[in-house]
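Structure file work18.txt (compact mmCIF, C-alpha atoms and all ligand atoms) follows.
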# COMPACT_ATOMS: atom_id res chain seq x y z
CA MET A 863 -16.85 -10.48 24.05
CA THR A 864 -13.51 -10.23 25.76
CA ALA A 865 -10.44 -9.70 23.65
CA CYS A 866 -7.91 -11.09 26.10
CA ASN A 867 -5.28 -13.58 25.15
CA ALA A 868 -2.12 -14.82 26.75
CA ASP A 869 0.48 -12.95 24.74
CA SER A 870 -1.23 -9.62 24.12
CA GLN A 871 -0.15 -6.47 25.87
CA GLN A 872 -3.15 -5.48 27.97
CA ASN A 873 -3.39 -1.86 28.95
CA ALA A 874 -3.90 -2.13 32.67
CA GLY A 875 -6.99 -0.19 33.64
CA SER A 876 -8.35 0.36 30.16
CA GLY A 877 -11.19 -1.86 29.07
CA SER A 878 -10.35 -2.62 25.48
CA ARG A 879 -7.24 -4.05 23.94
CA THR A 880 -5.15 -1.78 21.73
CA VAL A 881 -4.15 -3.34 18.41
CA THR A 882 -1.27 -1.92 16.40
CA MET A 883 -1.43 -1.48 12.66
CA ALA A 884 1.80 -0.90 10.78
CA THR A 885 1.75 0.91 7.46
CA SER A 886 3.94 2.84 5.05
CA ALA A 887 2.16 6.19 4.92
CA ASP A 888 3.52 7.32 1.57
CA TYR A 889 0.67 5.93 -0.47
CA PRO A 890 -2.22 8.32 -1.02
CA PRO A 891 -5.14 7.60 -1.19
CA TYR A 892 -4.48 4.35 0.74
CA GLU A 893 -2.47 5.93 3.56
CA TYR A 894 -0.63 9.20 3.89
CA VAL A 895 0.26 11.85 6.39
CA ASP A 896 -2.28 14.64 6.33
CA SER A 897 -0.33 17.78 7.01
CA SER A 898 -3.26 20.07 6.19
CA SER A 899 -4.74 19.58 9.65
CA GLY A 900 -1.46 20.60 11.29
CA ASN A 901 -1.29 17.49 13.43
CA GLN A 902 0.36 15.07 10.97
CA GLU A 903 -2.39 12.48 11.16
CA ILE A 904 -2.21 9.30 9.06
CA ILE A 905 -5.40 9.04 7.00
CA GLY A 906 -6.68 7.23 3.92
CA PHE A 907 -8.75 4.35 2.55
CA ASP A 908 -6.86 1.66 4.50
CA VAL A 909 -7.04 3.69 7.71
CA ASP A 910 -10.84 4.07 7.40
CA ILE A 911 -11.22 0.32 6.88
CA ALA A 912 -8.97 -0.40 9.86
CA LYS A 913 -10.92 2.01 12.06
CA GLU A 914 -14.21 0.44 11.06
CA ILE A 915 -13.04 -3.14 11.68
CA THR A 916 -11.41 -2.40 15.02
CA SER A 917 -14.35 -0.35 16.26
CA ARG A 918 -16.82 -3.09 15.29
CA LEU A 919 -14.67 -5.61 17.18
CA GLY A 920 -14.19 -3.33 20.17
CA TYR A 921 -10.45 -2.70 19.88
CA ASP A 922 -8.54 0.55 20.17
CA LEU A 923 -6.37 1.28 17.15
CA GLN A 924 -2.81 2.53 17.12
CA ILE A 925 -0.93 3.22 13.87
CA GLN A 926 2.79 2.90 13.26
CA ASN A 927 4.45 4.44 10.17
CA ILE A 928 7.45 2.49 8.82
CA ASP A 929 9.08 1.87 5.43
CA PHE A 930 7.22 -0.67 3.30
CA ASN A 931 10.18 -3.02 3.35
CA GLY A 932 9.99 -3.22 7.16
CA LEU A 933 6.31 -4.19 7.36
CA ILE A 934 6.57 -7.97 7.06
CA PRO A 935 9.55 -8.12 9.46
CA ALA A 936 7.44 -6.05 11.93
CA LEU A 937 4.69 -8.68 11.76
CA GLN A 938 7.15 -11.54 12.11
CA ALA A 939 8.69 -9.90 15.19
CA LYS A 940 5.13 -9.25 16.53
CA ARG A 941 5.86 -5.55 16.74
CA ALA A 942 2.56 -5.02 14.94
CA ASP A 943 -0.74 -6.92 15.04
CA PHE A 944 -1.60 -6.30 11.41
CA VAL A 945 -0.52 -4.43 8.31
CA MET A 946 -2.66 -2.42 5.93
CA ALA A 947 -0.52 -0.78 3.28
CA GLY A 948 -2.12 -1.53 -0.06
CA MET A 949 -0.28 -4.81 0.36
CA THR A 950 -0.73 -7.49 -2.29
CA PRO A 951 -1.08 -11.09 -1.04
CA THR A 952 1.65 -12.84 -3.03
CA ALA A 953 2.61 -16.51 -2.75
CA GLU A 954 6.04 -15.50 -1.49
CA ARG A 955 4.64 -13.30 1.29
CA LYS A 956 2.17 -16.04 2.26
CA GLN A 957 5.13 -18.12 3.39
CA ASN A 958 5.78 -15.56 6.13
CA VAL A 959 2.43 -13.93 6.97
CA ASP A 960 -1.31 -14.64 6.77
CA PHE A 961 -3.67 -12.55 4.64
CA SER A 962 -7.34 -11.59 4.70
CA ARG A 963 -9.41 -11.67 1.53
CA VAL A 964 -8.60 -8.99 -1.09
CA TYR A 965 -10.56 -5.76 -0.55
CA TYR A 966 -9.38 -3.71 -3.55
CA GLU A 967 -7.86 -4.41 -6.98
CA ALA A 968 -5.34 -2.19 -8.72
CA LYS A 969 -3.11 -2.16 -11.81
CA ASN A 970 0.51 -1.21 -12.34
CA THR A 971 1.57 1.82 -14.36
CA ILE A 972 4.70 3.48 -15.69
CA VAL A 973 5.20 7.00 -14.34
CA ALA A 974 7.57 9.26 -16.30
CA ARG A 975 8.17 12.90 -17.15
CA GLN A 976 5.55 14.41 -19.42
CA GLY A 977 6.43 13.90 -23.08
CA SER A 978 9.26 11.43 -22.42
CA ASN A 979 7.49 8.73 -24.42
CA LEU A 980 8.24 6.12 -21.76
CA THR A 981 4.82 4.52 -21.90
CA THR A 982 5.41 0.79 -22.45
CA PRO A 983 7.73 -1.82 -20.90
CA GLU A 984 9.67 -1.96 -24.20
CA SER A 985 10.30 1.79 -24.11
CA LEU A 986 12.16 1.29 -20.79
CA LYS A 987 15.00 -0.58 -22.49
CA GLY A 988 18.29 0.52 -20.88
CA LYS A 989 16.53 3.13 -18.72
CA THR A 990 16.80 3.69 -14.97
CA VAL A 991 13.52 2.79 -13.30
CA GLY A 992 12.61 3.56 -9.69
CA VAL A 993 10.53 1.17 -7.59
CA GLN A 994 9.65 0.99 -3.92
CA LEU A 995 11.93 -1.45 -2.12
CA GLY A 996 10.26 -4.74 -1.28
CA THR A 997 7.13 -4.14 -3.38
CA ILE A 998 5.69 -6.20 -6.18
CA GLN A 999 6.59 -3.27 -8.45
CA GLU A 1000 10.24 -4.12 -7.79
CA GLY A 1001 9.39 -7.64 -8.99
CA VAL A 1002 7.63 -6.29 -12.10
CA ALA A 1003 10.72 -4.24 -13.05
CA ASN A 1004 13.02 -7.20 -12.45
CA ASP A 1005 10.75 -9.34 -14.63
CA PHE A 1006 11.21 -6.86 -17.49
CA ASN A 1007 14.83 -7.97 -17.43
CA LYS A 1008 14.24 -11.67 -16.84
CA GLU A 1009 11.36 -12.12 -19.27
CA LYS A 1010 11.91 -9.41 -21.86
CA ASN A 1011 15.65 -8.90 -21.50
CA LEU A 1012 15.23 -5.13 -21.47
CA GLY A 1013 18.39 -4.29 -19.54
CA VAL A 1014 16.49 -1.97 -17.21
CA ASN A 1015 18.55 -0.45 -14.41
CA VAL A 1016 16.22 -1.07 -11.45
CA LYS A 1017 16.63 1.44 -8.62
CA PRO A 1018 14.84 0.45 -5.39
CA LEU A 1019 14.02 3.36 -3.04
CA ASN A 1020 12.41 3.32 0.41
CA ARG A 1021 9.57 5.77 -0.07
CA ILE A 1022 7.28 6.70 -2.96
CA ASN A 1023 7.98 10.40 -2.27
CA GLU A 1024 11.69 9.78 -2.94
CA ILE A 1025 10.80 8.12 -6.25
CA VAL A 1026 8.78 11.19 -7.26
CA GLN A 1027 11.67 13.50 -6.29
CA GLU A 1028 14.24 11.42 -8.23
CA LEU A 1029 11.96 11.42 -11.25
CA LYS A 1030 11.41 15.18 -11.21
CA ALA A 1031 15.15 15.76 -10.78
CA GLY A 1032 15.91 13.51 -13.77
CA ARG A 1033 18.00 11.06 -11.73
CA ILE A 1034 15.69 8.24 -12.78
CA ASP A 1035 13.80 7.96 -16.08
CA ALA A 1036 10.61 6.28 -14.94
CA ALA A 1037 8.95 4.45 -12.07
CA ILE A 1038 6.50 1.58 -11.64
CA VAL A 1039 3.59 2.65 -9.41
CA GLU A 1040 0.02 1.41 -8.85
CA ASP A 1041 -2.67 3.25 -10.82
CA THR A 1042 -4.56 5.13 -8.12
CA VAL A 1043 -1.34 6.21 -6.42
CA ALA A 1044 0.18 7.26 -9.76
CA GLN A 1045 -2.96 9.27 -10.45
CA GLY A 1046 -2.61 11.29 -7.24
CA TYR A 1047 1.08 11.99 -7.69
CA THR A 1048 0.73 12.99 -11.36
CA GLN A 1049 -2.17 15.29 -10.49
CA SER A 1050 -0.04 17.06 -7.89
CA ASN A 1051 2.97 17.07 -10.23
CA PRO A 1052 1.75 18.03 -13.71
CA ASP A 1053 5.28 17.55 -15.10
CA LEU A 1054 4.69 13.80 -14.66
CA GLU A 1055 2.37 11.42 -16.50
CA PHE A 1056 1.40 7.77 -16.12
CA ASN A 1057 0.41 4.92 -18.44
CA THR A 1058 -1.14 1.62 -17.37
CA ILE A 1059 0.91 -1.48 -18.15
CA PRO A 1060 -1.36 -3.90 -20.04
CA ASN A 1061 -1.65 -7.50 -18.75
CA GLU A 1062 0.88 -6.90 -16.05
CA GLY A 1063 -0.11 -8.70 -12.83
CA GLU A 1064 -2.90 -7.36 -10.70
CA ALA A 1065 -1.94 -5.55 -7.52
CA GLY A 1066 -4.83 -6.20 -5.13
CA SER A 1067 -4.76 -5.24 -1.45
CA ALA A 1068 -5.36 -7.46 1.58
CA ILE A 1069 -4.73 -7.19 5.34
CA ALA A 1070 -1.60 -9.02 6.55
CA PHE A 1071 -1.16 -10.66 9.98
CA PRO A 1072 1.57 -12.58 11.78
CA LYS A 1073 1.29 -16.30 10.97
CA GLY A 1074 -1.40 -17.92 13.11
CA SER A 1075 -2.74 -14.57 14.39
CA GLU A 1076 -5.97 -14.90 16.35
CA LEU A 1077 -7.12 -11.58 14.89
CA ALA A 1078 -7.07 -12.81 11.30
CA PRO A 1079 -10.37 -14.77 11.29
CA GLU A 1080 -12.44 -12.05 12.98
CA PHE A 1081 -10.90 -9.24 10.90
CA ASP A 1082 -11.57 -11.22 7.73
CA ARG A 1083 -15.16 -11.86 8.80
CA VAL A 1084 -15.86 -8.16 9.44
CA LEU A 1085 -14.08 -7.22 6.21
CA GLY A 1086 -16.36 -9.68 4.38
CA GLU A 1087 -19.41 -8.05 6.00
CA MET A 1088 -18.16 -4.61 4.94
CA ILE A 1089 -17.72 -5.77 1.34
CA GLU A 1090 -21.20 -7.41 1.34
CA SER A 1091 -22.97 -4.41 2.82
CA GLY A 1092 -21.40 -1.90 0.43
CA LYS A 1093 -19.37 -0.19 3.16
CA VAL A 1094 -16.08 -0.85 1.34
CA ASN A 1095 -17.58 0.53 -1.85
CA GLU A 1096 -18.66 3.65 -0.01
CA LEU A 1097 -15.04 4.13 1.11
CA VAL A 1098 -13.78 3.46 -2.42
CA ASN A 1099 -16.02 6.29 -3.60
CA LYS A 1100 -14.82 8.52 -0.79
CA TRP A 1101 -11.10 8.00 -1.47
CA PHE A 1102 -10.68 6.97 -5.10
CA THR A 1103 -13.07 9.14 -7.05
CA THR A 1104 -12.18 12.50 -5.54
CA SER A 1105 -8.66 13.74 -5.98
CA VAL A 1106 -6.46 13.48 -2.94
CA GLN A 1107 -3.60 15.92 -2.54
CA ALA A 1108 -0.42 13.87 -2.98
CA ASP A 1109 3.00 15.34 -2.14
CA LYS A 1110 4.75 17.49 -4.68
N1 LIG A 1201 0.81 -3.34 -3.74
C1 LIG A 1201 2.24 -3.26 -3.72
C2 LIG A 1201 2.82 -4.38 -2.90
O1 LIG A 1201 2.14 -4.97 -2.12
C3 LIG A 1201 2.77 -1.93 -3.24
C4 LIG A 1201 2.29 -1.47 -1.92
C5 LIG A 1201 3.05 -0.25 -1.41
N2 LIG A 1201 2.40 0.28 -0.26
C6 LIG A 1201 2.77 1.41 0.40
N3 LIG A 1201 2.04 1.77 1.42
N4 LIG A 1201 3.79 2.10 0.03
O2 LIG A 1201 3.98 -4.71 -3.03

Reformat the file's structure so that it appears as structure tokens.
Amino acid sequence: MTACNADSQQNAGSGSRTVTMATSADYPPYEYVDSSSGNQEIIGFDVDIAKEITSRLGYDLQIQNIDFNGLIPALQAKRADFVMAGMTPTAERKQNVDFSRVYYEAKNTIVARQGSNLTTPESLKGKTVGVQLGTIQEGVANDFNKEKNLGVNVKPLNRINEIVQELKAGRIDAAIVEDTVAQGYTQSNPDLEFNTIPNEGEAGSAIAFPKGSELAPEFDRVLGEMIESGKVNELVNKWFTTSVQADK
């Protein structure tokens, strides 16, 4: 199979096409910078899935690390061929990008300092709550105000690590973070705790592509095969059941 097409950047001389994945590598165990190896490599659940799909399709993979809020613009500007960033396929995003099927489901949680008693949406009344800019968690916090009239002061920040720092320093009271990510950060920072928000929108992950991308159908097909064969489950066990060292 040849992977040529009119508007792709072919590497002259090299046989296979390089595809670029953009991600926000602040999201262990989905994607994060592994500093333990000394070479600052981006690793995680999403990266393993991306490597498997691209290798099965015969592409070389290149990874670009940008703020979450810049991921969809990067696809729209064709600066990246696809995004894997624990990204949830929302109706709003579907107006601008295409998505694969969902490969992992997650739930939202409230992260706060140990013993602060900020465990439910209602307890956040009048509090300052950090969220990652451009995420569905920002939407969840805004909905607390729209739907429950809680008067939450929503503070959007670029990176999850900044949210953790602000929380530890007491500059924000709580944060909305997905369960598996919250688990890693609270394990590395025992002064923090998390509580799942009941019945608050699922936060599944799918691969995003520029609208009309020719990669989307073949990526989705291989992803489907990986779900069927148990390969995705194997990676879930690898990344989600052992504890991953999140930043302090
Ligand atoms: N699932 C959420 C969303 O799609 C948050 C994803 C954040 N991902 C990241 N790599 N920081 O909005």

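When CA of Gly906 (chain A) is paired with CA of Val1098 (chain A), their separation reads 10.2 Å.
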
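Between Thr885 (chain A) and the residues A:Gly948, A:Pro1052, A:Pro983, A:Gly900, the shortest atom-to-atom distance, using all atoms listed in the file, involves A:Gly948.
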
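In this comparison, which uses only C-alpha atoms, the residue of A:Thr971, A:Ala1068, A:Pro891, A:Ser1075 approaching Thr1103 (chain A) most closely is A:Pro891.
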
Protein and nucleic acid residues within 10 Å of ligand LIG 1201 (chain A) (only C-alpha atoms and all ligand atoms) as a CSV table (one decimal) with C-alpha atoms, in the frame of the given file:
chain,number,residue,atom,x,y,z
A,884,ALA,CA,1.8,-0.9,10.8
A,885,THR,CA,1.8,0.9,7.5
A,886,SER,CA,3.9,2.8,5.0
A,887,ALA,CA,2.2,6.2,4.9
A,888,ASP,CA,3.5,7.3,1.6
A,889,TYR,CA,0.7,5.9,-0.5
A,890,PRO,CA,-2.2,8.3,-1.0
A,891,PRO,CA,-5.1,7.6,-1.2
A,892,TYR,CA,-4.5,4.4,0.7
A,893,GLU,CA,-2.5,5.9,3.6
A,894,TYR,CA,-0.6,9.2,3.9
A,908,ASP,CA,-6.9,1.7,4.5
A,927,ASN,CA,4.4,4.4,10.2
A,928,ILE,CA,7.4,2.5,8.8
A,929,ASP,CA,9.1,1.9,5.4
A,930,PHE,CA,7.2,-0.7,3.3
A,931,ASN,CA,10.2,-3.0,3.4
A,933,LEU,CA,6.3,-4.2,7.4
A,945,VAL,CA,-0.5,-4.4,8.3
A,946,MET,CA,-2.7,-2.4,5.9
A,947,ALA,CA,-0.5,-0.8,3.3
A,948,GLY,CA,-2.1,-1.5,-0.1
A,949,MET,CA,-0.3,-4.8,0.4
A,950,THR,CA,-0.7,-7.5,-2.3
A,951,PRO,CA,-1.1,-11.1,-1.0
A,952,THR,CA,1.6,-12.8,-3.0
A,955,ARG,CA,4.6,-13.3,1.3
A,967,GLU,CA,-7.9,-4.4,-7.0
A,968,ALA,CA,-5.3,-2.2,-8.7
A,969,LYS,CA,-3.1,-2.2,-11.8
A,970,ASN,CA,0.5,-1.2,-12.3
A,993,VAL,CA,10.5,1.2,-7.6
A,994,GLN,CA,9.6,1.0,-3.9
A,995,LEU,CA,11.9,-1.4,-2.1
A,996,GLY,CA,10.3,-4.7,-1.3
A,997,THR,CA,7.1,-4.1,-3.4
A,998,ILE,CA,5.7,-6.2,-6.2
A,999,GLN,CA,6.6,-3.3,-8.4
A,1000,GLU,CA,10.2,-4.1,-7.8
A,1001,GLY,CA,9.4,-7.6,-9.0
A,1002,VAL,CA,7.6,-6.3,-12.1
A,1020,ASN,CA,12.4,3.3,0.4
A,1021,ARG,CA,9.6,5.8,-0.1
A,1022,ILE,CA,7.3,6.7,-3.0
A,1023,ASN,CA,8.0,10.4,-2.3
A,1038,ILE,CA,6.5,1.6,-11.6
A,1039,VAL,CA,3.6,2.6,-9.4
A,1040,GLU,CA,0.0,1.4,-8.8
A,1043,VAL,CA,-1.3,6.2,-6.4
A,1064,GLU,CA,-2.9,-7.4,-10.7
A,1065,ALA,CA,-1.9,-5.6,-7.5
A,1066,GLY,CA,-4.8,-6.2,-5.1
A,1067,SER,CA,-4.8,-5.2,-1.4
A,1068,ALA,CA,-5.4,-7.5,1.6

| request: Have a look at CA of Val1094 (chain A) and CA of Val909 (chain A) and let me know their distance in Å, one decimal. | output: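 Separating CA of Val1094 (chain A) from CA of Val909 (chain A) is a distance of 12.0 Å.
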
Please identify all polymer residues within 6 Å of region 881-883 of chain A, counting all atoms listed in the file, omitting same-chain residues fewer than 3 positions from it, and present them as a VMD selection string.
chain A and resid 923 to 925 942 to 945

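Checking A:Ile904, A:Thr880, A:Arg963, A:Asn1004 one by one against Tyr921 (chain A), counting all atoms listed in the file, you find the shortest gap at A:Thr880.
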
Find the axis-aligned box for region 965-984 of chain A, covering all its listed atoms and adding 6 Å on each side, and write its centre and edge lengths in Å to one decimal as lines of an AutoDock Vina configuration file.
center_x = -0.4
center_y = 4.3
center_z = -12.5
size_x = 32.2
size_y = 32.2
size_z = 35.9

Separating CA of Glu984 (chain A) from CA of Leu1029 (chain A), to the nearest tenth of an Å, is a gap of 18.8 Å

Can you take the partial region 901-924 of chain A, add N, CA and C atoms, and return it as an mmCIF file, keeping the file's coordinate frame?
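Contents of the output file selection.cif:
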data_model
loop_
_atom_site.group_PDB
_atom_site.id
_atom_site.type_symbol
_atom_site.label_atom_id
_atom_site.label_comp_id
_atom_site.auth_asym_id
_atom_site.auth_seq_id
_atom_site.Cartn_x
_atom_site.Cartn_y
_atom_site.Cartn_z
ATOM 1 N N ASN A 901 -1.739 18.444 12.415
ATOM 2 C CA ASN A 901 -1.290 17.490 13.430
ATOM 3 C C ASN A 901 -0.739 16.176 12.853
ATOM 4 N N GLN A 902 -0.367 16.194 11.564
ATOM 5 C CA GLN A 902 0.360 15.070 10.970
ATOM 6 C C GLN A 902 -0.327 13.722 11.179
ATOM 7 N N GLU A 903 -1.622 13.702 10.959
ATOM 8 C CA GLU A 903 -2.390 12.480 11.160
ATOM 9 C C GLU A 903 -2.275 11.562 9.943
ATOM 10 N N ILE A 904 -2.213 10.245 10.171
ATOM 11 C CA ILE A 904 -2.210 9.300 9.060
ATOM 12 C C ILE A 904 -3.664 8.980 8.693
ATOM 13 N N ILE A 905 -4.021 9.276 7.444
ATOM 14 C CA ILE A 905 -5.400 9.040 7.000
ATOM 15 C C ILE A 905 -5.390 8.274 5.678
ATOM 16 N N GLY A 906 -6.569 7.873 5.219
ATOM 17 C CA GLY A 906 -6.680 7.230 3.920
ATOM 18 C C GLY A 906 -7.681 6.078 3.928
ATOM 19 N N PHE A 907 -7.824 5.467 2.765
ATOM 20 C CA PHE A 907 -8.750 4.350 2.550
ATOM 21 C C PHE A 907 -8.469 3.209 3.526
ATOM 22 N N ASP A 908 -7.211 2.767 3.598
ATOM 23 C CA ASP A 908 -6.860 1.660 4.500
ATOM 24 C C ASP A 908 -7.154 2.013 5.956
ATOM 25 N N VAL A 909 -6.857 3.263 6.315
ATOM 26 C CA VAL A 909 -7.040 3.690 7.710
ATOM 27 C C VAL A 909 -8.535 3.664 8.063
ATOM 28 N N ASP A 910 -9.391 4.113 7.135
ATOM 29 C CA ASP A 910 -10.840 4.070 7.400
ATOM 30 C C ASP A 910 -11.327 2.634 7.564
ATOM 31 N N ILE A 911 -10.811 1.722 6.738
ATOM 32 C CA ILE A 911 -11.220 0.320 6.880
ATOM 33 C C ILE A 911 -10.751 -0.228 8.227
ATOM 34 N N ALA A 912 -9.513 0.076 8.581
ATOM 35 C CA ALA A 912 -8.970 -0.400 9.860
ATOM 36 C C ALA A 912 -9.766 0.139 11.038
ATOM 37 N N LYS A 913 -10.147 1.415 10.963
ATOM 38 C CA LYS A 913 -10.920 2.010 12.060
ATOM 39 C C LYS A 913 -12.277 1.331 12.202
ATOM 40 N N GLU A 914 -12.888 1.060 11.046
ATOM 41 C CA GLU A 914 -14.210 0.440 11.060
ATOM 42 C C GLU A 914 -14.130 -0.978 11.645
ATOM 43 N N ILE A 915 -13.159 -1.760 11.187
ATOM 44 C CA ILE A 915 -13.040 -3.140 11.680
ATOM 45 C C ILE A 915 -12.755 -3.150 13.181
ATOM 46 N N THR A 916 -11.785 -2.357 13.607
ATOM 47 C CA THR A 916 -11.410 -2.400 15.020
ATOM 48 C C THR A 916 -12.547 -1.862 15.897
ATOM 49 N N SER A 917 -13.265 -0.857 15.406
ATOM 50 C CA SER A 917 -14.350 -0.350 16.260
ATOM 51 C C SER A 917 -15.479 -1.374 16.336
ATOM 52 N N ARG A 918 -15.773 -2.055 15.223
ATOM 53 C CA ARG A 918 -16.820 -3.090 15.290
ATOM 54 C C ARG A 918 -16.425 -4.228 16.227
ATOM 55 N N LEU A 919 -15.127 -4.497 16.332
ATOM 56 C CA LEU A 919 -14.670 -5.610 17.180
ATOM 57 C C LEU A 919 -14.329 -5.148 18.601
ATOM 58 N N GLY A 920 -14.431 -3.842 18.825
ATOM 59 C CA GLY A 920 -14.190 -3.330 20.170
ATOM 60 C C GLY A 920 -12.723 -3.165 20.552
ATOM 61 N N TYR A 921 -11.861 -2.953 19.577
ATOM 62 C CA TYR A 921 -10.450 -2.700 19.880
ATOM 63 C C TYR A 921 -10.121 -1.215 19.718
ATOM 64 N N ASP A 922 -9.104 -0.780 20.440
ATOM 65 C CA ASP A 922 -8.540 0.550 20.170
ATOM 66 C C ASP A 922 -7.451 0.383 19.130
ATOM 67 N N LEU A 923 -7.314 1.382 18.261
ATOM 68 C CA LEU A 923 -6.370 1.280 17.150
ATOM 69 C C LEU A 923 -5.210 2.238 17.309
ATOM 70 N N GLN A 924 -4.015 1.695 17.109
ATOM 71 C CA GLN A 924 -2.810 2.530 17.120
ATOM 72 C C GLN A 924 -2.113 2.297 15.789
#
